[in-house]
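Chemist: Handing you a structure now.
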Amino acid sequence: MHLGVDLTDAGAHPAAWRTLGSQAQRLFDAQRLDALVATAQRGLLDLVAFDDAFSLQPVTRHGVQGRLDAALVASRLAPRSAGIGLVPTIDTTHTEPFHVSKAVATIDHVSKGRAAWQVGWSTTQQATDAFGRKAAQDEVDAIDEAGEVIDVVGRLWDSWEDDAEIRDRATSRFVDRDKLHHVDYEGIRFAVKGPSITPRPPQGRPPVVVTATSDEALAVAARRADVVRLRATSLDDALAQRARLDDLAGDAGRSTDEVRVLVDTYVVLADDESSARARLELLDDLEPSSWATDSLVHVGTAGALAETIETWVAAGAVDGFHVRPSSLSTDLDVLVHRVVPILQSAGLFRTAYPGRTLRDTLGLTRPANVFAATA
């Protein structure tokens, strides 16, 4: 099974930054993120994710406002970590495909093959006003554009063949120009010549992560994503969404072996259920925003969460969980030091990373270069 964790802000609950031990004064301190990634890495988690957007977080009475650039954070963390995947969100609505491809490829090179890309899109007027280049898009249009960007980015990653760099001192040839390719993409919204200025990433194509927030997003995920984050509130809901995803992937000519499905899970963990509920009540008292979620919520013990993970994976609904700790200062430690050992003792979770790259960890094959295959 696979486990990811979200390290955005101080935690998923808007009041997390106000809790004891949250290190609120260090929310924009990169050393704090180093420590969080190191903790996740000790638990042998597949990946850590960092959310990002071109507008401030939704306004609550006392919620966190502002965050660091996710791609730059991942680049900094790359040489300071090992084994674990680094997954920044990069917006497709206001970022050119060339810039997306270069940023993710850079993280993959610096991390030696541990990058992935969480696809983001924008529909807010606030984000649109920050750029002033086009009108705000509705969600359907923004998601459709995101699908096109994923296609272009993949081609740009492939625009250098794996052995394009020859570095031959005798002939003074650094690259084999025949192995650099113009992508010559002409689509609905983009006309991209290429090639990229960054060599092909170590993973060939770093995994693409799409959150299935709607039917349109699920369709894009089925066609383009390597990792799909489902929003499901029950096992039956997850099974139904997984079936739809598999059908859509099949229609697109993809095998279900090419996709890993994780369910977003908001967690509040404690030694017993009553203590966990008391923690949630405290958070809600600090920020009475109702902590609205549209996916699975677990308020209880580490053992109960491990049991839920085992049940959902065994049922074939998901391949793992993407955990969103209510408070990073508390729930991440419980996930790593209590939940993971239970799964390991049951023979359900790894005891070492299986390879060097995130694709190795996820059990995904390294994709062939489309231009080299054509040649």
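In the structure tokens, the first chain shown is A, the next is B, and so on; residue numbers restart at 1 for each chain, and ligands run from 1 in the order shown.
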For the structure I just gave you, how does DSSP split stretch 191-240 of chain A - specifically, which residues are alpha helix (DSSP H)? Reply as a list in words.

Modeler: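 Matching residues, listed in order: Asp215, Glu216, Ala217, Leu218, Ala219, Val220, Ala221, Ala222, Arg223, Arg224, Leu235, Asp236, Asp237, Ala238, Leu239 and Ala240 of chain A.
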
Chemist: Write the residues of the preceding selection, restricted to N, CA, C and O atoms, as a PDB file, in the first residue's frame.

Modeler:
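part.pdb, freshly written:
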```pdb
ATOM      1  N   ASP A 215     -16.351  15.575 -11.678  1.00  0.00           N
ATOM      2  CA  ASP A 215     -16.388  14.613 -12.776  1.00  0.00           C
ATOM      3  C   ASP A 215     -15.351  14.966 -13.846  1.00  0.00           C
ATOM      4  O   ASP A 215     -14.705  14.084 -14.419  1.00  0.00           O
ATOM      5  N   GLU A 216     -15.207  16.265 -14.109  1.00  0.00           N
ATOM      6  CA  GLU A 216     -14.242  16.700 -15.120  1.00  0.00           C
ATOM      7  C   GLU A 216     -12.810  16.386 -14.686  1.00  0.00           C
ATOM      8  O   GLU A 216     -11.983  15.935 -15.482  1.00  0.00           O
ATOM      9  N   ALA A 217     -12.527  16.618 -13.396  1.00  0.00           N
ATOM     10  CA  ALA A 217     -11.190  16.321 -12.887  1.00  0.00           C
ATOM     11  C   ALA A 217     -10.930  14.816 -12.897  1.00  0.00           C
ATOM     12  O   ALA A 217      -9.809  14.372 -13.187  1.00  0.00           O
ATOM     13  N   LEU A 218     -11.954  14.021 -12.599  1.00  0.00           N
ATOM     14  CA  LEU A 218     -11.808  12.564 -12.631  1.00  0.00           C
ATOM     15  C   LEU A 218     -11.482  12.096 -14.047  1.00  0.00           C
ATOM     16  O   LEU A 218     -10.652  11.201 -14.248  1.00  0.00           O
ATOM     17  N   ALA A 219     -12.107  12.718 -15.038  1.00  0.00           N
ATOM     18  CA  ALA A 219     -11.857  12.341 -16.433  1.00  0.00           C
ATOM     19  C   ALA A 219     -10.424  12.669 -16.838  1.00  0.00           C
ATOM     20  O   ALA A 219      -9.752  11.877 -17.507  1.00  0.00           O
ATOM     21  N   VAL A 220      -9.935  13.861 -16.438  1.00  0.00           N
ATOM     22  CA  VAL A 220      -8.544  14.226 -16.728  1.00  0.00           C
ATOM     23  C   VAL A 220      -7.586  13.276 -16.017  1.00  0.00           C
ATOM     24  O   VAL A 220      -6.584  12.830 -16.578  1.00  0.00           O
ATOM     25  N   ALA A 221      -7.904  12.952 -14.762  1.00  0.00           N
ATOM     26  CA  ALA A 221      -7.065  12.032 -13.997  1.00  0.00           C
ATOM     27  C   ALA A 221      -6.978  10.668 -14.681  1.00  0.00           C
ATOM     28  O   ALA A 221      -5.904  10.065 -14.751  1.00  0.00           O
ATOM     29  N   ALA A 222      -8.102  10.191 -15.185  1.00  0.00           N
ATOM     30  CA  ALA A 222      -8.118   8.876 -15.842  1.00  0.00           C
ATOM     31  C   ALA A 222      -7.244   8.862 -17.085  1.00  0.00           C
ATOM     32  O   ALA A 222      -6.606   7.853 -17.401  1.00  0.00           O
ATOM     33  N   ARG A 223      -7.192   9.982 -17.803  1.00  0.00           N
ATOM     34  CA  ARG A 223      -6.417  10.054 -19.035  1.00  0.00           C
ATOM     35  C   ARG A 223      -4.941  10.363 -18.800  1.00  0.00           C
ATOM     36  O   ARG A 223      -4.082   9.873 -19.522  1.00  0.00           O
ATOM     37  N   ARG A 224      -4.649  11.163 -17.770  1.00  0.00           N
ATOM     38  CA  ARG A 224      -3.301  11.745 -17.676  1.00  0.00           C
ATOM     39  C   ARG A 224      -2.544  11.433 -16.394  1.00  0.00           C
ATOM     40  O   ARG A 224      -1.315  11.493 -16.386  1.00  0.00           O
ATOM     41  N   LEU A 235     -16.557   3.889   2.135  1.00  0.00           N
ATOM     42  CA  LEU A 235     -15.964   2.842   1.315  1.00  0.00           C
ATOM     43  C   LEU A 235     -16.771   2.633   0.044  1.00  0.00           C
ATOM     44  O   LEU A 235     -16.197   2.477  -1.048  1.00  0.00           O
ATOM     45  N   ASP A 236     -18.084   2.627   0.146  1.00  0.00           N
ATOM     46  CA  ASP A 236     -18.918   2.447  -1.050  1.00  0.00           C
ATOM     47  C   ASP A 236     -18.700   3.583  -2.045  1.00  0.00           C
ATOM     48  O   ASP A 236     -18.655   3.357  -3.264  1.00  0.00           O
ATOM     49  N   ASP A 237     -18.568   4.800  -1.526  1.00  0.00           N
ATOM     50  CA  ASP A 237     -18.307   5.957  -2.375  1.00  0.00           C
ATOM     51  C   ASP A 237     -16.977   5.777  -3.103  1.00  0.00           C
ATOM     52  O   ASP A 237     -16.872   6.008  -4.325  1.00  0.00           O
ATOM     53  N   ALA A 238     -15.952   5.344  -2.384  1.00  0.00           N
ATOM     54  CA  ALA A 238     -14.636   5.137  -2.990  1.00  0.00           C
ATOM     55  C   ALA A 238     -14.677   4.033  -4.035  1.00  0.00           C
ATOM     56  O   ALA A 238     -14.067   4.148  -5.112  1.00  0.00           O
ATOM     57  N   LEU A 239     -15.374   2.948  -3.747  1.00  0.00           N
ATOM     58  CA  LEU A 239     -15.489   1.851  -4.709  1.00  0.00           C
ATOM     59  C   LEU A 239     -16.161   2.309  -5.998  1.00  0.00           C
ATOM     60  O   LEU A 239     -15.747   1.942  -7.099  1.00  0.00           O
ATOM     61  N   ALA A 240     -17.211   3.124  -5.851  1.00  0.00           N
ATOM     62  CA  ALA A 240     -17.924   3.620  -7.033  1.00  0.00           C
ATOM     63  C   ALA A 240     -17.024   4.538  -7.863  1.00  0.00           C
ATOM     64  O   ALA A 240     -16.989   4.438  -9.099  1.00  0.00           O
TER      65      ALA A 240
END
```

Chemist: Identify, on the basis of only C-alpha atoms, every residue whose closest approach to stretch 155-157 of chain A does not exceed 10 Å; exclude the query and any residue fewer than 4 positions from it along the same chain; express the result as a PDB file with C-alpha atoms, in the first residue's frame.

Modeler:
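What follows is the written file out.pdb:
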```
ATOM      1  CA  PRO A  97       3.694  24.673 -19.693  1.00  0.00           C
ATOM      2  CA  PHE A  98       7.367  25.424 -20.376  1.00  0.00           C
ATOM      3  CA  VAL A 100       5.964  23.934 -15.257  1.00  0.00           C
ATOM      4  CA  SER A 101       8.090  21.378 -17.096  1.00  0.00           C
ATOM      5  CA  LYS A 102      11.351  23.113 -16.197  1.00  0.00           C
ATOM      6  CA  VAL A 104       9.440  19.891 -11.988  1.00  0.00           C
ATOM      7  CA  ALA A 105      12.363  18.575 -14.040  1.00  0.00           C
ATOM      8  CA  VAL A 149      -0.945  21.469 -20.016  1.00  0.00           C
ATOM      9  CA  ILE A 150      -0.212  17.953 -18.700  1.00  0.00           C
ATOM     10  CA  ASP A 151       0.076  16.740 -22.292  1.00  0.00           C
ATOM     11  CA  GLU A 161      16.289  11.746 -25.156  1.00  0.00           C
ATOM     12  CA  HIS A 181      13.400  17.309 -30.401  1.00  0.00           C
ATOM     13  CA  HIS A 182      11.004  20.120 -31.171  1.00  0.00           C
ATOM     14  CA  VAL A 183       7.673  19.174 -29.620  1.00  0.00           C
ATOM     15  CA  ASP A 184       5.794  21.182 -32.287  1.00  0.00           C
ATOM     16  CA  TYR A 185       2.615  21.170 -30.234  1.00  0.00           C
ATOM     17  CA  VAL A 192       4.804  25.184 -28.129  1.00  0.00           C
ATOM     18  CA  LYS A 193       7.882  24.650 -30.281  1.00  0.00           C
ATOM     19  CA  GLY A 194      10.434  23.415 -27.742  1.00  0.00           C
ATOM     20  CA  PRO A 195      12.694  21.708 -26.980  1.00  0.00           C
ATOM     21  CA  SER A 196      13.068  22.196 -23.245  1.00  0.00           C
ATOM     22  CA  ILE A 197      16.285  23.708 -21.931  1.00  0.00           C
ATOM     23  CA  THR A 198      16.446  21.088 -19.146  1.00  0.00           C
ATOM     24  CA  PRO A 199      17.595  17.499 -19.810  1.00  0.00           C
ATOM     25  CA  ARG A 200      15.026  14.728 -19.449  1.00  0.00           C
ATOM     26  CA  PRO A 201      14.243  14.099 -15.763  1.00  0.00           C
ATOM     27  CA  GLN A 203      12.292   9.450 -13.900  1.00  0.00           C
ATOM     28  CA  GLY A 204      11.672  10.192 -17.567  1.00  0.00           C
ATOM     29  CA  ARG A 205       8.364  11.731 -16.613  1.00  0.00           C
ATOM     30  CA  PRO A 206       7.891  12.546 -12.920  1.00  0.00           C
ATOM     31  CA  ASN A 369      10.415   8.667 -24.594  1.00  0.00           C
ATOM     32  CA  VAL A 370       7.756   9.315 -27.244  1.00  0.00           C
ATOM     33  CA  PHE A 371      10.199  10.996 -29.612  1.00  0.00           C
TER      34      PHE A 371
END
```

Chemist: What are the nearest atom pairs, with distances in Å to one decimal, for all residues of stretch 227-265 of chain A that come at most 8 Å from stretch 317-324 of chain A, using only C-alpha atoms, set out by chain and rising residue number as CSV?

Modeler:
```
residue,atom,partner,partner_atom,distance
A:Arg229,CA,A:His322,CA,7.3
A:Leu235,CA,A:Ala317,CA,7.0
A:Ala238,CA,A:Ala317,CA,5.5
A:Leu239,CA,A:Ala317,CA,4.6
A:Arg242,CA,A:Ala317,CA,6.0
A:Arg260,CA,A:Asp319,CA,6.0
A:Val261,CA,A:Val318,CA,5.1
A:Leu262,CA,A:Phe321,CA,4.7
A:Val263,CA,A:Phe321,CA,4.9
A:Asp264,CA,A:His322,CA,4.8
A:Thr265,CA,A:Val323,CA,4.9
```

Chemist: For the selection you just gave me, I'd like the residues written to a file as a CSV table (one decimal), in the first residue's frame, keeping C-alpha atoms.

Modeler:
```csv
chain,number,residue,atom,x,y,z
A,229,ARG,CA,-6.4,11.6,-5.1
A,235,LEU,CA,-16.0,2.8,1.3
A,238,ALA,CA,-14.6,5.1,-3.0
A,239,LEU,CA,-15.5,1.9,-4.7
A,242,ARG,CA,-12.7,3.7,-8.5
A,260,ARG,CA,-2.2,4.6,-8.2
A,261,VAL,CA,-5.3,5.8,-6.3
A,262,LEU,CA,-5.1,7.4,-2.9
A,263,VAL,CA,-8.0,8.7,-0.8
A,264,ASP,CA,-7.7,12.1,1.0
A,265,THR,CA,-8.1,11.4,4.7
```

Chemist: Please tabulate, as a Markdown table, the residues of stretch 291-351 of chain A that come within 10 Å of stretch 275-284 of chain A, each with its closest pair of atoms and the distance in Å to one decimal, counting only C-alpha atoms and ordering rows by chain, then residue number upward.

Modeler:
```
| residue | atom | partner | partner_atom | distance |
| --- | --- | --- | --- | --- |
| A:Trp291 | CA | A:Asp284 | CA | 7.2 |
| A:His298 | CA | A:Ala276 | CA | 9.3 |
| A:Val299 | CA | A:Ala276 | CA | 5.7 |
| A:Gly300 | CA | A:Ala276 | CA | 5.3 |
| A:Thr301 | CA | A:Ala276 | CA | 7.3 |
| A:Ser326 | CA | A:Leu280 | CA | 8.4 |
| A:Ser327 | CA | A:Leu283 | CA | 9.1 |
```

Chemist: Counting only C-alpha atoms, what is within 12 Å of A:Thr293, bar same-chain residues fewer than 2 positions away, as a ChimeraX atom specification?

Modeler: /A:12-14,213,231-233,264-267,289-291,295-298,324,326

Chemist: Which of these, A:Glu287, A:Asp272, A:Ile90, A:Pro367, has the shortest distance to A:Ala116 once you count only C-alpha atoms?

Modeler: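 Ranked by minimum distance to A:Ala116, first place goes to A:Ile90.
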
Chemist: Neighbouring residues of stretch 62-73 of chain A were defined as those with any atom within 7 Å, considering only C-alpha atoms; residues of the same chain fewer than 5 positions away were excluded. Please report them as a ChimeraX atom specification.

Modeler: /A:14-15,28,50-52,56-57,88-89,103,287

Chemist: Would you pick out the contacts of A:Leu33 at 12 Å or less, using only C-alpha atoms, so that residues sharing its chain but fewer than 5 positions from it are not included, and give the list as a PyMOL selection string?

Modeler: chain A and resi 6-10+23+26-28+38-40+48-50+68+70+73-74+76-78+80-81+86+328-329

Chemist: Please, what distance in Å, to one decimal, runs between atom CA of A:Val140 and atom CA of A:Thr93?

Modeler: 11.9 Å
